[in-house]
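Participant: Next up, entry-v9.tsv (TSV, C-alpha atoms and all ligand atoms).
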chain	number	residue	atom	x	y	z
A	240	MET	CA	149.95	94.45	155.71
A	241	ALA	CA	148.29	92.61	152.89
A	242	ILE	CA	149.05	92.17	149.22
A	243	SER	CA	147.27	94.97	147.35
A	244	ASP	CA	144.89	94.33	144.48
A	245	ASN	CA	147.12	96.11	142.00
A	246	THR	CA	150.16	94.07	143.06
A	247	ILE	CA	148.17	90.89	142.44
A	248	LYS	CA	147.07	92.14	139.03
A	249	LEU	CA	150.60	93.16	138.08
A	250	LEU	CA	152.04	89.78	139.12
A	251	TRP	CA	149.28	87.91	137.32
A	252	GLY	CA	149.54	89.96	134.13
A	253	ARG	CA	153.33	89.96	133.89
A	254	ALA	CA	153.43	86.21	134.49
A	255	ALA	CA	150.55	85.74	132.01
A	256	GLY	CA	148.67	83.67	134.60
A	257	THR	CA	151.19	80.81	134.59
A	258	CYS	CA	153.56	79.40	137.23
A	259	SER	CA	156.95	81.16	137.23
A	260	ASN	CA	158.99	78.00	137.81
A	261	PRO	CA	160.70	77.48	134.41
A	262	SER	CA	160.21	73.70	134.62
A	263	CYS	CA	156.50	74.12	135.42
A	264	PRO	CA	154.59	76.38	133.07
A	265	THR	CA	151.22	75.38	134.60
A	266	ALA	CA	148.27	77.61	133.66
A	267	LEU	CA	146.68	78.82	136.87
A	268	THR	CA	143.02	79.25	135.94
A	269	VAL	CA	140.64	76.34	136.32
A	270	ILE	CA	137.50	76.54	134.18
A	271	LEU	CA	134.64	74.24	135.13
A	272	LYS	CA	132.13	72.68	132.73
A	273	ASP	CA	129.39	75.09	133.79
A	274	GLY	CA	131.57	77.98	132.66
A	275	SER	CA	132.53	79.13	136.13
A	276	GLY	CA	136.14	79.10	137.14
A	277	PHE	CA	138.73	80.16	139.65
A	278	SER	CA	142.40	80.90	140.01
A	279	VAL	CA	144.78	78.52	141.76
A	280	GLY	CA	147.69	80.93	141.47
A	281	GLU	CA	149.56	81.75	144.65
A	282	MET	CA	151.52	84.89	145.40
A	283	ALA	CA	154.54	83.31	147.10
A	284	HIS	CA	156.84	85.37	149.28
A	285	VAL	CA	160.49	85.30	148.29
A	286	ILE	CA	161.40	86.33	151.85
A	287	ALA	CA	158.73	85.06	154.25
A	288	SER	CA	156.77	87.62	156.28
A	289	SER	CA	158.08	85.95	159.43
A	290	PRO	CA	161.85	85.82	160.12
A	291	THR	CA	161.45	82.11	160.94
A	292	GLY	CA	159.54	81.36	157.70
A	293	PRO	CA	161.03	80.18	154.37
A	294	ARG	CA	164.08	82.32	153.37
A	295	GLY	CA	163.25	84.55	156.34
A	296	GLY	CA	165.84	87.17	157.10
A	297	ASP	CA	166.56	89.19	160.22
A	298	THR	CA	163.35	91.05	159.54
A	299	GLY	CA	160.43	89.53	157.67
A	300	GLY	CA	159.83	90.21	153.97
A	301	ASN	CA	157.12	92.65	152.84
A	302	ASP	CA	154.04	92.24	150.63
A	303	GLU	CA	155.37	94.33	147.73
A	304	TYR	CA	155.68	93.26	144.11
A	305	GLU	CA	159.47	92.86	144.41
A	306	ASN	CA	159.13	90.26	147.16
A	307	LEU	CA	156.44	88.14	145.48
A	308	VAL	CA	156.45	85.52	142.76
A	309	LEU	CA	153.42	83.87	141.09
A	310	LEU	CA	153.54	80.08	141.57
A	311	CYS	CA	151.23	77.09	141.33
A	312	PRO	CA	150.24	75.48	144.67
A	313	THR	CA	152.69	72.57	144.15
A	314	CYS	CA	155.71	74.76	143.41
A	315	HIS	CA	154.78	77.08	146.26
A	316	ARG	CA	154.69	74.16	148.67
A	317	THR	CA	157.97	72.77	147.27
A	318	VAL	CA	159.96	76.00	147.66
A	319	ASP	CA	158.56	76.60	151.15
A	320	LYS	CA	158.93	73.04	152.53
A	321	ALA	CA	162.31	72.13	151.02
A	322	PRO	CA	165.33	72.20	153.36
A	323	ALA	CA	166.73	75.71	153.83
A	324	GLY	CA	169.07	76.58	150.98
A	325	ALA	CA	167.46	74.32	148.36
A	326	TYR	CA	165.49	77.25	146.92
A	327	PRO	CA	167.30	80.44	147.96
A	328	ALA	CA	165.84	83.89	147.33
A	329	ALA	CA	168.20	84.35	144.34
A	330	THR	CA	166.67	81.30	142.62
A	331	LEU	CA	163.12	82.63	143.05
A	332	HIS	CA	164.14	86.06	141.76
A	333	GLN	CA	165.73	84.34	138.77
A	334	TRP	CA	162.57	82.32	138.07
A	335	LYS	CA	160.43	85.42	138.20
A	336	GLN	CA	162.72	87.55	136.06
A	337	GLY	CA	163.22	84.80	133.47
A	338	HIS	CA	159.48	84.10	133.31
A	339	GLU	CA	158.48	87.75	132.94
A	340	THR	CA	161.14	88.22	130.25
A	341	ARG	CA	159.78	85.23	128.30
A	342	VAL	CA	156.24	86.58	128.60
A	343	ARG	CA	157.39	90.02	127.40
A	344	SER	CA	159.42	88.67	124.49
A	345	ASN	CA	156.22	86.99	123.33
A	346	LEU	CA	154.91	90.50	122.68
A	347	THR	CA	157.63	91.72	120.33
A	348	ALA	CA	156.73	92.18	116.71
A	349	ARG	CA	158.24	90.88	113.50
A	350	THR	CA	158.06	92.47	110.11
A	351	TYR	CA	155.81	90.95	107.50
A	352	GLU	CA	156.21	90.42	103.78
A	353	SER	CA	152.76	91.68	102.86
A	354	VAL	CA	149.77	93.53	104.25
A	355	ALA	CA	147.76	90.29	104.00
A	356	GLU	CA	150.18	88.54	106.36
A	357	LEU	CA	150.00	91.40	108.86
A	358	LYS	CA	146.21	91.48	108.75
A	359	THR	CA	145.95	87.70	109.16
A	360	TYR	CA	148.01	87.94	112.34
A	361	VAL	CA	146.06	90.91	113.74
A	362	ALA	CA	142.70	89.33	112.84
A	363	LEU	CA	143.71	86.16	114.71
A	364	LEU	CA	144.44	88.09	117.90
A	365	LEU	CA	141.27	90.18	117.61
A	366	ASN	CA	139.35	86.97	117.15
A	367	GLU	CA	140.83	85.44	120.32
A	368	ASN	CA	139.90	88.55	122.31
A	369	LYS	CA	136.39	88.49	120.90
A	370	THR	CA	135.97	84.81	121.76
A	371	LEU	CA	137.07	85.47	125.34
A	372	LEU	CA	134.68	88.41	125.60
A	373	SER	CA	131.74	86.32	124.39
A	374	SER	CA	132.70	83.36	126.63
A	375	PHE	CA	133.57	85.17	129.87
A	376	GLY	CA	132.51	88.79	129.45
A	377	PRO	CA	129.57	90.45	131.23
A	378	ARG	CA	127.25	89.61	128.32
A	379	SER	CA	128.24	85.96	127.99
A	380	PRO	CA	125.39	83.42	128.28
A	381	PHE	CA	126.81	82.06	131.56
A	382	ALA	CA	127.10	85.52	133.10
A	383	GLU	CA	123.55	86.40	132.05
A	384	ALA	CA	122.14	83.08	133.28
A	385	ASP	CA	123.81	83.35	136.67
A	386	PRO	CA	124.77	86.92	137.55
A	387	GLY	CA	125.87	85.73	141.01
A	388	SER	CA	128.53	83.40	139.61
A	389	ASN	CA	132.23	84.14	139.91
A	390	LEU	CA	132.60	84.44	136.14
A	391	HIS	CA	133.55	88.09	136.50
A	392	GLU	CA	136.68	86.94	138.34
A	393	VAL	CA	137.70	84.74	135.42
A	394	TRP	CA	136.96	87.62	133.08
A	395	ALA	CA	139.18	89.93	135.16
A	396	LEU	CA	142.05	87.42	134.94
A	397	ARG	CA	141.59	86.86	131.18
A	398	LYS	CA	141.75	90.59	130.56
A	399	LEU	CA	145.11	90.69	132.34
A	400	ASP	CA	146.70	87.48	131.02
A	401	THR	CA	145.41	87.46	127.44
A	402	ILE	CA	143.42	90.46	126.21
A	403	VAL	CA	145.82	93.20	127.32
A	404	PRO	CA	148.89	91.24	126.01
A	405	ASN	CA	147.08	90.55	122.71
A	406	ASN	CA	146.35	94.27	122.35
A	407	THR	CA	150.05	95.00	122.95
A	408	ARG	CA	150.98	92.41	120.30
A	409	ILE	CA	148.60	94.05	117.84
A	410	ILE	CA	149.99	97.54	118.50
A	411	ASN	CA	153.58	96.32	118.18
A	412	ALA	CA	152.86	94.36	115.01
A	413	VAL	CA	151.06	97.20	113.27
A	414	GLU	CA	153.63	99.79	114.30
A	415	ALA	CA	156.49	97.60	113.02
A	416	ASN	CA	154.66	97.35	109.68
A	417	ILE	CA	152.84	100.67	109.61
A	418	THR	CA	153.81	101.49	106.01
A	419	PHE	CA	151.48	98.70	104.86
A	420	LEU	CA	148.44	100.65	106.03
A	421	ASN	CA	146.67	103.30	103.99
A	422	SER	CA	145.63	106.49	105.73
A	423	THR	CA	142.12	105.29	106.60
A	424	GLU	CA	143.49	102.08	108.09
A	425	ALA	CA	146.15	104.01	110.00
A	426	GLU	CA	143.49	106.31	111.44
A	427	VAL	CA	141.36	103.44	112.78
A	428	PHE	CA	144.52	101.80	114.10
A	429	PHE	CA	145.26	104.91	116.16
A	430	GLN	CA	141.69	104.78	117.48
A	431	PHE	CA	142.32	101.18	118.47
A	432	LYS	CA	145.59	102.11	120.15
A	433	THR	CA	143.89	104.85	122.17
A	434	HIS	CA	141.21	102.37	123.23
A	435	ALA	CA	143.76	99.66	124.10
A	436	GLN	CA	145.91	101.95	126.23
A	437	ALA	CA	142.92	103.27	128.18
A	438	PHE	CA	141.55	99.72	128.53
A	439	GLU	CA	144.84	98.58	130.09
A	440	CYS	CA	144.95	101.59	132.42
A	441	HIS	CA	141.34	100.87	133.43
A	442	GLN	CA	142.36	97.41	134.71
A	443	TYR	CA	144.51	99.06	137.39
A	444	THR	CA	142.81	102.39	137.98
A	445	ARG	CA	139.09	102.45	137.29
A	446	LEU	CA	138.26	105.09	134.66
A	447	ASP	CA	134.74	106.47	134.59
A	448	THR	CA	134.75	106.29	130.85
A	449	TYR	CA	137.17	105.31	128.10
A	450	PRO	CA	137.02	104.99	124.30
A	451	MET	CA	135.23	101.81	123.21
A	452	PHE	CA	136.78	99.24	120.89
A	453	PRO	CA	136.45	100.71	117.36
A	454	VAL	CA	134.58	98.08	115.36
A	455	CYS	CA	135.87	99.67	112.14
A	456	PHE	CA	139.37	98.51	113.13
A	457	GLU	CA	138.23	94.90	113.07
A	458	GLU	CA	136.70	95.47	109.63
A	459	ALA	CA	139.84	97.19	108.37
A	460	MET	CA	141.99	94.25	109.52
A	461	LEU	CA	139.99	91.59	107.67
A	462	PRO	CA	142.64	89.88	105.52
B	501	ZN	ZN	155.01	80.83	150.89
B	502	ZN	ZN	154.49	75.30	139.35
Translate the structure described by the file into structure tokens.
Facilitator:
Amino acid sequence: MAISDNTIKLLWGRAAGTCSNPSCPTALTVILKDGSGFSVGEMAHVIASSPTGPRGGDTGGNDEYENLVLLCPTCHRTVDKAPAGAYPAATLHQWKQGHETRVRSNLTARTYESVAELKTYVALLLNENKTLLSSFGPRSPFAEADPGSNLHEVWALRKLDTIVPNNTRIINAVEANITFLNSTEAEVFFQFKTHAQAFECHQYTRLDTYPMFPVCFEEAMLP
């Protein structure tokens, strides 16, 4: 058995690409000066595949999402090499759950005092997504200069750890403050929401086609 692609994506996205050990929030993507990059994240087994491995039980652990936790190489080595009992399965489950809860709570919306405040927040997130697209996306200068580079891998990770969560933040923020929008703005927001949901789905199950980002939403959100 091997860890499936979608399990890796789910772990990476829900952990926002950072180590799950609460005392080590290390970001797990390394970006080199030439724009290329790679992930140093490791999918650590809570219960080792082998009964004699770390936290091994009577039977080995499986490669499913529930038995894996995203760690940096150092934390992975620490929990696997420490004397038995120092890092029990319960501790690793706690790390993972706590980390994913923190990542999720980062997505919840607040209410704003004014439409300008809401738009400032949304515009900031759209801007971050746009910057990532132009730096790491398929049309970025590095990607065009060296189509054989591994930039598409960095782009795939950024979509999961930043762009999809930013889209969720935008949807939550606008929906919590929807009365600020006029009907035209609300309409382009719903177009954006349709795009964002399909975009997220596309990361896990390739869609032949999905609605593009509506540029008019960006214009409507200019503070
Ligand atoms: Zn391990
Ligand atoms: Zn770590």
Participant: Would you mind telling me which residue in A:Leu310, A:Ile247, A:Ala348, A:Ala435 lies nearest to ligand ZN 502 (chain B) when using all atoms listed in the file?
Facilitator: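 That would be A:Leu310, the residue with the smallest distance to ligand ZN 502 (chain B).
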Participant: From the options A:Ala321, A:Ala329, A:Leu357, A:Cys314, which residue's atoms come nearest to A:Glu414, counting all atoms listed in the file?
Facilitator: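 Closest residue, counting all atoms listed in the file: A:Leu357.
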Participant: Go through A:Ser373, A:Thr340, A:Thr330, A:Thr313 one by one, measure the shortest atom-to-atom distance of each to ligand ZN 501 (chain B) using all atoms listed in the file, and give the residue with the smallest value.
Facilitator: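 Checking each of A:Ser373, A:Thr340, A:Thr330, A:Thr313 against ligand ZN 501 (chain B), counting all atoms listed in the file, the winner is A:Thr313.
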Participant: Taking all atoms listed in the file into account, report as a VMD selection string which residues have an atom no farther than 8 Å from an atom of ligand ZN 501 (chain B).
Facilitator: chain A and resid 282 to 285 287 293 315 to 316 318 to 319
Participant: Pull C-alpha atoms from the residues just selected and write them as a PDB file, in the coordinates of the input.
Facilitator:
ATOM      1  CA  MET A 282     151.520  84.890 145.400  1.00  0.00           C
ATOM      2  CA  ALA A 283     154.540  83.310 147.100  1.00  0.00           C
ATOM      3  CA  HIS A 284     156.840  85.370 149.280  1.00  0.00           C
ATOM      4  CA  VAL A 285     160.490  85.300 148.290  1.00  0.00           C
ATOM      5  CA  ALA A 287     158.730  85.060 154.250  1.00  0.00           C
ATOM      6  CA  PRO A 293     161.030  80.180 154.370  1.00  0.00           C
ATOM      7  CA  HIS A 315     154.780  77.080 146.260  1.00  0.00           C
ATOM      8  CA  ARG A 316     154.690  74.160 148.670  1.00  0.00           C
ATOM      9  CA  VAL A 318     159.960  76.000 147.660  1.00  0.00           C
ATOM     10  CA  ASP A 319     158.560  76.600 151.150  1.00  0.00           C
TER      11      ASP A 319
END
Participant: Taking only C-alpha atoms and all ligand atoms into account, which residues are within 7 Å of ligand ZN 502 (chain B), as a list in words?
Facilitator: Cys258, Ser259, Asn260, Cys263, Pro264, Thr265, Leu310, Cys311, Pro312, Thr313 and Cys314 of chain A
Participant: What is the distance between atom CA of A:Gln436 and atom CA of A:Met460, in Å to one decimal?
Facilitator: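 These two atoms are separated by 18.8 Å.
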Participant: Any idea what the distance is between atom CA of A:Ser422 and atom CA of A:Val403?
Facilitator: 25.4 Å
Participant: Quick one: pull the distance between atom CA of A:Leu446 and atom CA of A:Asn245, Å, one decimal.
Facilitator: 14.6 Å
Participant: I'd like the contact shell of A:Asn416 - 9 Å cut-off, all atoms listed in the file, skipping same-chain residues fewer than 5 positions apart - returned as a PyMOL selection string.
Facilitator: chain A and resi 348-351+354+357+411
Participant: Taking into account only C-alpha atoms, which residue in the set A:Pro404, A:Pro290, A:Pro377, A:Pro462 is nearest to A:Thr347?
Facilitator: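 When distances to A:Thr347 are compared using only C-alpha atoms, the smallest one comes from A:Pro404.
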Participant: Mind listing as a list in words all residues within 12 Å of (135.0, 98.5, 111.7), counting all atoms listed in the file?
Facilitator: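 Final list of nearby residues, as requested, is Leu365, Thr423, Glu424, Glu426, Val427, Phe428, Gln430, Phe431, Met451, Phe452, Pro453, Val454, Cys455, Phe456, Glu457, Glu458, Ala459, Met460 and Leu461 of chain A.
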Participant: Considering only C-alpha atoms, state which residue in the set A:Gly292, A:Ala328, A:Gly376, A:Leu250 is at the smallest distance from A:Val393.
Facilitator: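 Answer, going by the shortest atom-to-atom distance: A:Gly376.
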Participant: Which centre and edge lengths in Å to one decimal define the box along x, y and z that fits every listed atom of stretch 377-381 of chain A plus 4 Å per side, as JSON?
Facilitator:
{"center_x": 127.5, "center_y": 86.3, "center_z": 129.8, "size_x": 12.2, "size_y": 16.4, "size_z": 11.6}
Participant: Of the candidates A:Asn368, A:Asn389, A:Asn301, A:Thr291, which shows the shortest atom-to-atom distance to A:Ala241, using all atoms listed in the file?
Facilitator: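 Closest residue, counting all atoms listed in the file: A:Asn301.
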Participant: Where does stretch 300-412 of chain A meet stretch 438-444 of chain A within 12 Å, residue by residue, with the nearest atom pair and distance in Å to one decimal for each, counting all atoms listed in the file, listed by chain and rising number, as CSV?
Facilitator:
residue,atom,partner,partner_atom,distance
A:Trp394,CA,A:Gln442,CA,11.3
A:Ala395,CA,A:Gln442,CA,8.1
A:Leu396,CA,A:Gln442,CA,10.0
A:Arg397,CA,A:Gln442,CA,11.2
A:Lys398,CA,A:Gln442,CA,8.0
A:Leu399,CA,A:Gln442,CA,7.6
A:Asp400,CA,A:Glu439,CA,11.3
A:Thr401,CA,A:Glu439,CA,11.4
A:Ile402,CA,A:Glu439,CA,9.1
A:Val403,CA,A:Glu439,CA,6.1
A:Pro404,CA,A:Glu439,CA,9.3
A:Asn405,CA,A:Glu439,CA,11.1
A:Asn406,CA,A:Glu439,CA,9.0
A:Thr407,CA,A:Glu439,CA,9.5
Participant: Rebuild stretch 394-418 of chain A to N, CA and C atoms - output it as a compact mmCIF listing (two decimals), in the frame of the given file, please.
Facilitator:
# COMPACT_ATOMS: atom_id res chain seq x y z
N TRP A 394 136.87 86.57 134.09
CA TRP A 394 136.96 87.62 133.08
C TRP A 394 138.07 88.62 133.45
N ALA A 395 138.14 88.99 134.72
CA ALA A 395 139.18 89.93 135.16
C ALA A 395 140.57 89.36 134.91
N LEU A 396 140.74 88.05 135.15
CA LEU A 396 142.05 87.42 134.94
C LEU A 396 142.37 87.34 133.45
N ARG A 397 141.37 86.98 132.62
CA ARG A 397 141.59 86.86 131.18
C ARG A 397 141.98 88.20 130.55
N LYS A 398 141.39 89.27 131.07
CA LYS A 398 141.75 90.59 130.56
C LYS A 398 143.24 90.83 130.80
N LEU A 399 143.71 90.43 131.99
CA LEU A 399 145.11 90.69 132.34
C LEU A 399 146.08 89.74 131.64
N ASP A 400 145.70 88.43 131.54
CA ASP A 400 146.70 87.48 131.02
C ASP A 400 146.60 87.27 129.52
N THR A 401 145.51 87.69 128.88
CA THR A 401 145.41 87.46 127.44
C THR A 401 145.00 88.70 126.65
N ILE A 402 143.94 89.39 127.05
CA ILE A 402 143.42 90.46 126.21
C ILE A 402 144.39 91.64 126.15
N VAL A 403 144.86 92.09 127.31
CA VAL A 403 145.82 93.20 127.32
C VAL A 403 147.10 92.82 126.54
N PRO A 404 147.70 91.62 126.81
CA PRO A 404 148.89 91.24 126.01
C PRO A 404 148.60 91.14 124.51
N ASN A 405 147.42 90.61 124.14
CA ASN A 405 147.08 90.55 122.71
C ASN A 405 147.01 91.95 122.11
N ASN A 406 146.41 92.88 122.85
CA ASN A 406 146.35 94.27 122.35
C ASN A 406 147.75 94.82 122.14
N THR A 407 148.66 94.53 123.09
CA THR A 407 150.05 95.00 122.95
C THR A 407 150.69 94.38 121.71
N ARG A 408 150.44 93.07 121.50
CA ARG A 408 150.98 92.41 120.30
C ARG A 408 150.48 93.09 119.03
N ILE A 409 149.19 93.42 119.02
CA ILE A 409 148.60 94.05 117.84
C ILE A 409 149.26 95.41 117.59
N ILE A 410 149.38 96.21 118.65
CA ILE A 410 149.99 97.54 118.50
C ILE A 410 151.42 97.40 118.00
N ASN A 411 152.19 96.49 118.60
CA ASN A 411 153.58 96.32 118.18
C ASN A 411 153.68 95.84 116.74
N ALA A 412 152.81 94.90 116.37
CA ALA A 412 152.86 94.36 115.01
C ALA A 412 152.51 95.43 113.99
N VAL A 413 151.46 96.18 114.25
CA VAL A 413 151.06 97.20 113.27
C VAL A 413 152.12 98.30 113.19
N GLU A 414 152.64 98.70 114.34
CA GLU A 414 153.63 99.79 114.30
C GLU A 414 154.93 99.36 113.61
N ALA A 415 155.28 98.08 113.71
CA ALA A 415 156.49 97.60 113.02
C ALA A 415 156.27 97.48 111.51
N ASN A 416 154.99 97.54 111.11
CA ASN A 416 154.66 97.35 109.68
C ASN A 416 153.72 98.45 109.19
N ILE A 417 153.84 99.62 109.80
CA ILE A 417 152.84 100.67 109.61
C ILE A 417 152.74 101.13 108.16
N THR A 418 153.83 101.00 107.41
CA THR A 418 153.81 101.49 106.01
C THR A 418 152.86 100.68 105.14
